[in-house]
$ cat model16.txt   # compact mmCIF, C-alpha atoms
# COMPACT_ATOMS: atom_id res chain seq x y z
CA MET T 173 0.00 0.00 0.00
CA THR T 174 1.40 3.38 -0.98
CA LEU T 175 1.09 6.43 1.19
CA PRO T 176 -0.79 9.50 -0.04
CA ARG T 177 1.58 12.08 -1.46
CA PRO T 178 1.43 14.53 1.50
CA CYS T 179 2.15 11.69 3.96
CA ALA T 180 4.98 10.30 1.84
CA ALA T 181 6.56 13.72 1.60
CA SER T 182 6.41 14.24 5.36
CA ALA T 183 7.79 10.74 6.02
CA ALA T 184 10.81 11.37 3.79
CA SER T 185 12.20 14.23 5.87
CA PRO T 186 15.68 15.40 4.80
CA TRP T 187 16.68 16.34 8.36
CA PRO T 188 18.12 12.95 9.45
CA ALA T 189 20.46 13.07 6.44
CA ARG T 190 21.37 16.69 7.14
CA LEU T 191 22.13 15.96 10.79
CA ASP T 192 24.17 12.93 9.70
CA LEU T 193 26.21 15.13 7.38
CA LEU T 194 26.66 17.76 10.08
CA GLN T 195 27.84 15.06 12.50
CA ALA T 196 30.33 13.81 9.91
CA LEU T 197 31.69 17.30 9.17
CA SER T 198 32.00 18.26 12.84
CA GLY T 199 33.74 14.96 13.61
CA LEU T 200 36.12 15.43 10.67
CA ALA T 201 36.95 18.97 11.80
CA LEU T 202 37.65 17.81 15.36
CA ALA T 203 39.82 14.90 14.18
CA LEU T 204 41.89 17.21 11.96
CA PHE T 205 42.22 19.67 14.84
CA MET T 206 43.49 16.91 17.12
CA TRP T 207 46.23 16.12 14.60
CA LEU T 208 47.30 19.75 14.72
CA HIS T 209 46.98 19.79 18.51
CA MET T 210 49.27 16.78 18.75
CA GLY T 211 51.81 18.62 16.62
CA PHE T 212 51.62 21.72 18.82
CA VAL T 213 51.95 19.78 22.08
CA SER T 214 54.80 17.58 20.82
CA ALA T 215 56.85 20.71 20.10
CA ILE T 216 58.38 20.10 23.54
CA LEU T 217 60.22 17.13 22.00
CA ILE T 218 62.14 19.55 19.76
CA SER T 219 63.09 22.04 22.46
CA ALA T 220 61.60 24.06 25.29
CA ASP T 221 62.25 27.27 23.35
CA PHE T 222 60.34 25.93 20.35
CA ALA T 223 57.41 24.89 22.56
CA TRP T 224 57.40 28.38 24.13
CA GLY T 225 57.30 29.95 20.67
CA VAL T 226 54.37 27.76 19.59
CA ALA T 227 52.42 28.70 22.73
CA ARG T 228 53.11 32.42 22.32
CA PHE T 229 52.20 32.33 18.62
CA PHE T 230 48.54 31.73 19.52
CA GLU T 231 48.62 34.78 21.76
CA GLY T 232 49.81 36.94 18.87
CA TYR T 233 53.24 37.47 20.43
CA PHE T 234 55.02 37.65 17.06
CA PHE T 235 52.58 39.90 15.19
CA LEU T 236 50.75 42.04 17.79
CA PRO T 237 52.17 44.91 19.89
CA ARG T 238 51.38 42.88 23.02
CA PRO T 239 50.40 39.20 23.40
CA GLN T 240 46.69 38.65 24.02
CA ALA T 241 45.91 35.54 26.06
CA TRP T 242 42.18 35.96 25.41
CA LEU T 243 42.78 34.85 21.82
CA VAL T 244 43.58 31.38 23.18
CA SER T 245 40.41 31.44 25.30
CA ALA T 246 38.34 32.39 22.24
CA PHE T 247 39.85 29.54 20.24
CA VAL T 248 39.21 27.08 23.09
CA ALA T 249 35.59 28.27 23.30
CA ALA T 250 35.15 27.61 19.57
CA ILE T 251 36.58 24.10 19.89
CA ALA T 252 34.42 23.43 22.96
CA SER T 253 31.30 24.53 21.04
CA LEU T 254 32.20 22.25 18.13
CA PHE T 255 32.81 19.40 20.56
CA ALA T 256 29.42 19.96 22.22
CA LEU T 257 27.66 20.07 18.83
CA HIS T 258 29.30 16.84 17.71
CA ALA T 259 28.45 15.13 21.01
CA LEU T 260 24.78 16.14 20.79
CA LEU T 261 24.55 14.89 17.22
CA ALA T 262 26.25 11.60 18.14
CA LEU T 263 23.89 11.05 21.08
CA ARG T 264 21.05 10.57 18.57
CA LYS T 265 22.52 7.17 17.73
CA PHE T 266 23.43 6.04 21.23
CA PRO T 267 21.19 3.42 22.89
CA ALA T 268 18.73 5.30 25.06
CA ASP T 269 18.75 2.92 28.06
CA TRP T 270 20.34 -0.21 29.47
CA ARG T 271 17.85 -2.48 27.70
CA GLN T 272 18.84 -1.05 24.32
CA TYR T 273 22.53 -1.43 25.21
CA ARG T 274 21.95 -5.11 25.99
CA ILE T 275 20.09 -5.65 22.72
CA ALA T 276 22.85 -3.89 20.75
CA ALA T 277 25.58 -5.86 22.55
CA ARG T 278 23.77 -9.17 21.94
CA HIS T 279 23.31 -8.25 18.29
CA GLY T 280 26.99 -7.35 17.94
CA GLY T 281 28.03 -10.59 19.63
CA ARG T 282 26.01 -12.62 17.17
CA LEU T 283 27.32 -10.76 14.15
CA ARG T 284 30.98 -10.90 15.21
CA HIS T 285 31.61 -8.13 12.69
CA GLY T 286 34.72 -5.99 13.08
CA ASP T 287 33.09 -2.72 12.08
CA THR T 288 30.23 -3.31 14.54
CA THR T 289 32.82 -3.77 17.29
CA LEU T 290 34.46 -0.51 16.22
CA TRP T 291 31.10 1.22 16.66
CA PHE T 292 31.01 0.01 20.29
CA VAL T 293 34.59 1.26 20.70
CA GLN T 294 33.47 4.68 19.49
CA VAL T 295 30.56 4.68 21.93
CA ALA T 296 32.86 3.81 24.85
CA THR T 297 35.58 6.33 23.95
CA GLY T 298 33.00 9.02 23.21
CA PHE T 299 31.40 8.42 26.59
CA ALA T 300 34.82 8.76 28.25
CA MET T 301 35.57 11.98 26.38
CA PHE T 302 32.26 13.43 27.52
CA PHE T 303 33.68 13.50 31.08
CA LEU T 304 37.40 13.98 30.42
CA ALA T 305 37.57 16.63 27.71
CA PRO T 306 35.59 19.39 29.51
CA VAL T 307 38.09 19.38 32.39
CA HIS T 308 40.98 20.07 30.03
CA LEU T 309 39.02 22.62 27.99
CA TYR T 310 37.98 24.49 31.13
CA ALA T 311 41.58 24.68 32.36
CA MET T 312 42.76 26.04 29.00
CA PHE T 313 39.86 28.49 28.78
CA MET T 314 40.35 29.92 32.28
CA HIS T 315 44.16 29.96 32.28
CA PRO T 316 45.30 30.52 28.69
CA ASP T 317 48.46 32.25 29.92
CA LEU T 318 49.61 29.09 31.70
CA ILE T 319 50.61 27.28 28.51
CA GLY T 320 54.32 26.79 28.01
CA PRO T 321 57.19 24.42 28.81
CA PHE T 322 57.32 24.96 32.59
CA GLU T 323 53.66 25.92 32.92
CA SER T 324 52.36 22.81 31.13
CA ALA T 325 54.85 20.52 32.90
CA ASP T 326 53.79 21.91 36.28
CA ARG T 327 50.14 21.33 35.44
CA VAL T 328 50.87 17.76 34.31
CA TRP T 329 52.97 16.72 37.31
CA THR T 330 52.59 19.13 40.24
CA GLY T 331 48.96 19.81 39.37
CA GLY T 332 48.27 16.07 39.05
CA PHE T 333 46.74 16.25 35.57
CA TRP T 334 48.80 13.41 34.09
CA PRO T 335 46.22 10.62 34.78
CA LEU T 336 43.55 12.73 33.07
CA TYR T 337 45.79 13.41 30.07
CA LEU T 338 46.78 9.74 29.83
CA ALA T 339 43.15 8.60 29.72
CA LEU T 340 42.21 11.44 27.38
CA LEU T 341 45.06 10.57 25.01
CA PHE T 342 43.79 7.02 24.49
CA ALA T 343 40.14 8.09 24.25
CA VAL T 344 40.73 10.91 21.78
CA GLU T 345 43.19 9.19 19.45
CA VAL T 346 41.26 5.92 19.28
CA HIS T 347 37.90 7.68 18.89
CA GLY T 348 39.18 10.06 16.22
CA SER T 349 41.04 7.42 14.18
CA VAL T 350 38.15 4.96 14.28
CA GLY T 351 35.79 7.81 13.38
CA LEU T 352 37.85 8.73 10.32
CA TYR T 353 37.85 5.09 9.21
CA ARG T 354 34.09 4.81 9.62
CA LEU T 355 33.55 8.09 7.75
CA ALA T 356 35.69 6.87 4.87
CA VAL T 357 33.72 3.62 4.69
CA LYS T 358 30.32 5.28 5.08
CA TRP T 359 30.85 7.98 2.45
CA GLY T 360 32.94 5.88 0.07
CA TRP T 361 36.17 7.86 0.36
CA PHE T 362 39.24 6.18 -1.19
CA GLU T 363 37.08 3.32 -2.42
CA GLY T 364 38.58 1.49 -5.39
CA ARG T 365 37.15 -1.15 -7.65
CA ASP T 366 37.44 -3.81 -4.95
CA ALA T 367 35.48 -2.54 -1.93
CA ARG T 368 36.77 -5.28 0.38
CA ALA T 369 40.40 -4.58 -0.48
CA SER T 370 39.80 -0.85 0.01
CA ARG T 371 38.28 -1.49 3.43
CA ARG T 372 41.25 -3.65 4.44
CA ARG T 373 43.66 -0.89 3.42
CA LEU T 374 41.64 1.69 5.33
CA LYS T 375 41.64 -0.50 8.43
CA TRP T 376 45.42 -0.95 8.26
CA ALA T 377 45.76 2.83 7.88
CA MET T 378 43.49 3.30 10.92
CA TRP T 379 45.60 0.99 13.12
CA GLY T 380 48.81 2.58 11.86
CA LEU T 381 47.45 6.04 12.67
CA ILE T 382 46.40 4.94 16.17
CA ALA T 383 49.84 3.43 16.84
CA PHE T 384 51.64 6.55 15.60
CA LEU T 385 49.51 9.05 17.51
CA LEU T 386 49.60 7.05 20.75
CA SER T 387 53.38 6.63 20.50
CA LEU T 388 53.88 10.34 19.87
CA GLY T 389 51.41 11.29 22.60
CA LEU T 390 52.94 8.98 25.21
CA THR T 391 56.45 10.21 24.36
CA THR T 392 55.27 13.81 24.75
CA LEU T 393 53.47 13.10 28.03
CA LEU T 394 56.56 11.36 29.44
CA ALA T 395 58.70 14.35 28.44
CA GLU T 396 56.33 16.71 30.26
CA ILE T 397 56.26 14.45 33.32
CA ARG T 398 60.06 14.37 33.40
CA MET T 399 60.24 18.15 33.10
CA GLY T 400 57.54 18.52 35.75
CA ILE T 401 59.47 16.33 38.19
CA GLU T 402 62.66 18.33 37.61
CA HIS T 403 60.83 21.64 37.93
CA ALA T 404 58.69 20.65 40.95
CA PRO T 405 60.87 22.54 43.49
CA ARG T 406 60.27 25.71 41.45
CA ALA T 407 56.65 25.01 40.44
CA GLY T 408 54.87 28.15 39.29
CA GLU T 409 57.95 29.70 37.71
CA ARG T 410 57.33 30.91 34.16
CA TYR T 411 59.57 29.73 31.35
CA VAL T 412 61.88 32.33 29.82
CA PRO T 413 63.36 31.48 26.40
CA THR T 414 67.14 31.40 26.11
CA TRP T 415 67.34 34.51 23.94
CA GLN T 416 65.58 36.56 26.64
CA ARG T 417 67.48 35.29 29.67
CA GLY T 418 70.33 37.76 29.34
CA THR T 419 67.93 40.68 29.17
CA THR T 420 65.90 39.38 32.12
CA ALA T 421 69.02 38.92 34.26
CA ALA T 422 70.21 42.44 33.46
CA GLU T 423 66.79 43.89 34.40
CA GLU T 424 66.82 41.99 37.74
CA ALA T 425 70.34 43.28 38.48
CA ARG T 426 69.06 46.85 38.19
$ encode --input "model16.txt" --output "structure tokens"
Amino acid sequence: MTLPRPCAASAASPWPARLDLLQALSGLALALFMWLHMGFVSAILISADFAWGVARFFEGYFFLPRPQAWLVSAFVAAIASLFALHALLALRKFPADWRQYRIAARHGGRLRHGDTTLWFVQVATGFAMFFLAPVHLYAMFMHPDLIGPFESADRVWTGGFWPLYLALLFAVEVHGSVGLYRLAVKWGWFEGRDARASRRRLKWAMWGLIAFLLSLGLTTLLAEIRMGIEHAPRAGERYVPTWQRGTTAAEEAR
């Protein structure tokens, strides 16, 4: 039996597809941002001076008369808004209660399908990020001036943030990499003539990306922990780049 035309038109609403597209675009933007964020944070592996320069760049230190820390807060607010939008859109597809979770888990167990398991991984990591990410975003929003080699190391070690950052590292990198894989499969990106071979290549790329980002993130976190331990007796001291230390010492001597 066919529906009357007005009913058929109302049943075929374009909004689910639009929200799906918006969820995909917001997730893609956040994943790309996290790649850049990893690059910014891992600047400490090059040198403390380089990490200081990266942090000050976002305050306009190199192109404004005076650095403006509020620029960092504004950027953090934009990322937080995008994160909230993506989370709200993703919640549409989460099981609504424990009964639905049990049904979904039973269904996934029967299928024994890798991509279905990855969906559960995304649900779990997304749930973890819902609690972990706001803590970090709030700290960056309220104290944008406390970003730098010593400042970040003090927050990680003396401030006790390292367990949060460790958990957040795994949640973010796994969630983002799996999300990019699922987007590529869903929208047919990089799909060749053999869909199964393309999916295998995408899955290998996903695992390679996870391994690389986790290795880089853990190395960076360990470097900040080591610096935090060394700097603990002088916690709260701001980092001064090497090219400014002579000037600072001369000013103190006056």
$ atom_distance --input "model16.txt" --atom1 "CA of Val412 in chain T" --atom2 "CA of Gly225 in chain T"
10.5 Å
$ closest_residue --input "model16.txt" --among "T:Leu374, T:Val244, T:Ala407, T:Ala223" --to "Thr330 in chain T" --atoms "only C-alpha atoms"
T:Ala407
$ closest_atom_pairs --input "model16.txt" --of "range 273-391 of chain T" --to "range 184-192 of chain T" --cutoff "12 Å" --atoms "all atoms listed in the file" --output "JSON lines"
{"residue": "T:Leu355", "atom": "CA", "partner": "T:Asp192", "partner_atom": "CA", "distance": 10.7}
{"residue": "T:Lys358", "atom": "CA", "partner": "T:Asp192", "partner_atom": "CA", "distance": 10.8}
{"residue": "T:Trp359", "atom": "CA", "partner": "T:Asp192", "partner_atom": "CA", "distance": 11.0}
$ atom_distance --input "model16.txt" --atom1 "CA of Ala325 in chain T" --atom2 "CA of Ala296 in chain T"
28.8 Å
$ atom_distance --input "model16.txt" --atom1 "CA of Trp207 in chain T" --atom2 "CA of Tyr233 in chain T"
23.2 Å
$ residues_around --input "model16.txt" --residues "range 267-273 of chain T" --least-positions-apart "6" --cutoff "12 Å" --atoms "all atoms listed in the file" --output "list of chain:residue names"
T:His279, T:Gly280, T:Trp291, T:Phe292, T:Val295, T:Ala296, T:Phe299
$ write_last_selection --input "model16.txt" --atoms "C-alpha atoms" --output "mmCIF file, keeping the file's coordinate frame"
data_model
loop_
_atom_site.group_PDB
_atom_site.id
_atom_site.type_symbol
_atom_site.label_atom_id
_atom_site.label_comp_id
_atom_site.auth_asym_id
_atom_site.auth_seq_id
_atom_site.Cartn_x
_atom_site.Cartn_y
_atom_site.Cartn_z
ATOM 1 C CA HIS T 279 23.310 -8.250 18.290
ATOM 2 C CA GLY T 280 26.990 -7.350 17.940
ATOM 3 C CA TRP T 291 31.100 1.220 16.660
ATOM 4 C CA PHE T 292 31.010 0.010 20.290
ATOM 5 C CA VAL T 295 30.560 4.680 21.930
ATOM 6 C CA ALA T 296 32.860 3.810 24.850
ATOM 7 C CA PHE T 299 31.400 8.420 26.590
#
$ closest_residue --input "model16.txt" --among "T:Ala404, T:Thr391, T:Leu200, T:Gly364" --to "Val350 in chain T" --atoms "all atoms listed in the file"
T:Leu200
$ residues_around --input "model16.txt" --residues "Ala395 in chain T" --least-positions-apart "5" --cutoff "12 Å" --atoms "all atoms listed in the file" --output "NGL selection string"
:T and (213-220 or 321-322 or 324-326 or 328-329 or 334 or 388-390 or 400-402)
$ closest_residue --input "model16.txt" --among "T:Ala201, T:Met206, T:Ala241, T:Ala277" --to "His315 in chain T" --atoms "all atoms listed in the file"
T:Ala241
$ closest_residue --input "model16.txt" --among "T:Leu352, T:Val344, T:Ala252, T:Leu381" --to "Ala311 in chain T" --atoms "all atoms listed in the file"
T:Ala252
$ closest_residue --input "model16.txt" --among "T:Glu323, T:Phe313, T:Leu202, T:Phe384" --to "Leu254 in chain T" --atoms "only C-alpha atoms"
T:Leu202
$ residues_near_point --input "model16.txt" --point "(45.4, 34.9, 27.9)" --cutoff "7 Å" --atoms "only C-alpha atoms" --output "list in words"
Glu231, Gln240, Ala241, Trp242, Leu243, Val244, Ser245, His315, Pro316 and Asp317 of chain T
$ residues_near_point --input "model16.txt" --point "(44.5, 11.0, 17.9)" --cutoff "8 Å" --atoms "only C-alpha atoms" --output "list in words"
Ala203, Met206, Trp207, Met210, Leu341, Phe342, Val344, Glu345, Val346, His347, Gly348, Ser349, Leu381, Ile382, Leu385 and Leu386 of chain T
$ residues_around --input "model16.txt" --residues "His258 in chain T" --least-positions-apart "5" --cutoff "8 Å" --atoms "all atoms listed in the file" --output "number ranges by chain"
T: 195, 198-199
$ decode --input "model16.txt" --residues "range 323-351 of chain T" --atoms "N, CA, C and O atoms" --output "short mmCIF file (atom, residue, chain, number, x, y, z; two decimals), in the first residue's frame"
data_model
loop_
_atom_site.label_atom_id
_atom_site.label_comp_id
_atom_site.auth_asym_id
_atom_site.auth_seq_id
_atom_site.Cartn_x
_atom_site.Cartn_y
_atom_site.Cartn_z
N GLU T 323 55.05 25.81 32.50
CA GLU T 323 53.66 25.92 32.92
C GLU T 323 52.89 24.62 32.67
O GLU T 323 52.15 24.12 33.54
N SER T 324 53.06 24.05 31.47
CA SER T 324 52.36 22.81 31.13
C SER T 324 52.91 21.64 31.94
O SER T 324 52.16 20.78 32.41
N ALA T 325 54.25 21.60 32.12
CA ALA T 325 54.85 20.52 32.90
C ALA T 325 54.40 20.57 34.35
O ALA T 325 54.14 19.52 34.97
N ASP T 326 54.28 21.78 34.90
CA ASP T 326 53.79 21.91 36.28
C ASP T 326 52.35 21.44 36.39
O ASP T 326 51.96 20.81 37.38
N ARG T 327 51.54 21.76 35.40
CA ARG T 327 50.14 21.33 35.44
C ARG T 327 50.07 19.80 35.36
O ARG T 327 49.28 19.16 36.07
N VAL T 328 50.89 19.21 34.50
CA VAL T 328 50.87 17.76 34.31
C VAL T 328 51.31 17.03 35.57
O VAL T 328 50.64 16.08 36.02
N TRP T 329 52.42 17.46 36.17
CA TRP T 329 52.97 16.72 37.31
C TRP T 329 52.53 17.29 38.66
O TRP T 329 51.84 16.63 39.43
N THR T 330 52.93 18.54 38.95
CA THR T 330 52.59 19.13 40.24
C THR T 330 51.08 19.29 40.40
O THR T 330 50.53 19.07 41.49
N GLY T 331 50.40 19.66 39.31
CA GLY T 331 48.96 19.81 39.37
C GLY T 331 48.20 18.50 39.32
O GLY T 331 46.97 18.48 39.50
N GLY T 332 48.90 17.39 39.04
CA GLY T 332 48.27 16.07 39.05
C GLY T 332 47.36 15.79 37.87
O GLY T 332 46.45 14.96 37.97
N PHE T 333 47.61 16.45 36.72
CA PHE T 333 46.74 16.25 35.57
C PHE T 333 47.16 15.05 34.71
O PHE T 333 46.44 14.70 33.78
N TRP T 334 48.31 14.44 35.01
CA TRP T 334 48.80 13.41 34.09
C TRP T 334 47.87 12.20 33.96
O TRP T 334 47.74 11.65 32.85
N PRO T 335 47.15 11.73 35.02
CA PRO T 335 46.22 10.62 34.78
C PRO T 335 45.08 11.02 33.83
O PRO T 335 44.65 10.21 33.00
N LEU T 336 44.60 12.25 33.97
CA LEU T 336 43.55 12.73 33.07
C LEU T 336 44.04 12.76 31.64
O LEU T 336 43.36 12.28 30.72
N TYR T 337 45.25 13.30 31.43
CA TYR T 337 45.79 13.41 30.07
C TYR T 337 46.10 12.04 29.49
O TYR T 337 45.97 11.84 28.27
N LEU T 338 46.51 11.09 30.32
CA LEU T 338 46.78 9.74 29.83
C LEU T 338 45.50 9.08 29.33
O LEU T 338 45.46 8.50 28.23
N ALA T 339 44.44 9.17 30.13
CA ALA T 339 43.15 8.60 29.72
C ALA T 339 42.59 9.33 28.50
O ALA T 339 42.06 8.70 27.57
N LEU T 340 42.73 10.65 28.49
CA LEU T 340 42.21 11.44 27.38
C LEU T 340 42.96 11.14 26.09
O LEU T 340 42.37 11.13 25.00
N LEU T 341 44.26 10.90 26.19
CA LEU T 341 45.06 10.57 25.01
C LEU T 341 44.51 9.32 24.32
O LEU T 341 44.27 9.33 23.10
N PHE T 342 44.29 8.26 25.09
CA PHE T 342 43.79 7.02 24.49
C PHE T 342 42.37 7.21 23.94
O PHE T 342 42.05 6.74 22.84
N ALA T 343 41.52 7.90 24.70
CA ALA T 343 40.14 8.09 24.25
C ALA T 343 40.07 8.90 22.97
O ALA T 343 39.37 8.54 22.02
N VAL T 344 40.80 10.01 22.93
CA VAL T 344 40.73 10.91 21.78
C VAL T 344 41.32 10.28 20.53
O VAL T 344 40.70 10.30 19.45
N GLU T 345 42.52 9.70 20.64
CA GLU T 345 43.19 9.19 19.45
C GLU T 345 42.49 7.96 18.89
O GLU T 345 42.39 7.80 17.67
N VAL T 346 41.99 7.09 19.76
CA VAL T 346 41.26 5.92 19.28
C VAL T 346 39.92 6.35 18.68
O VAL T 346 39.55 5.93 17.58
N HIS T 347 39.20 7.22 19.39
CA HIS T 347 37.90 7.68 18.89
C HIS T 347 38.04 8.40 17.55
O HIS T 347 37.28 8.13 16.61
N GLY T 348 39.02 9.30 17.45
CA GLY T 348 39.18 10.06 16.22
C GLY T 348 39.61 9.20 15.05
O GLY T 348 39.09 9.34 13.93
N SER T 349 40.55 8.28 15.27
CA SER T 349 41.04 7.42 14.18
C SER T 349 39.97 6.45 13.71
O SER T 349 39.78 6.26 12.50
N VAL T 350 39.24 5.86 14.66
CA VAL T 350 38.15 4.96 14.28
C VAL T 350 37.06 5.75 13.55
O VAL T 350 36.47 5.28 12.57
N GLY T 351 36.80 6.97 14.03
CA GLY T 351 35.79 7.81 13.38
C GLY T 351 36.15 8.14 11.94
O GLY T 351 35.29 8.11 11.05
#
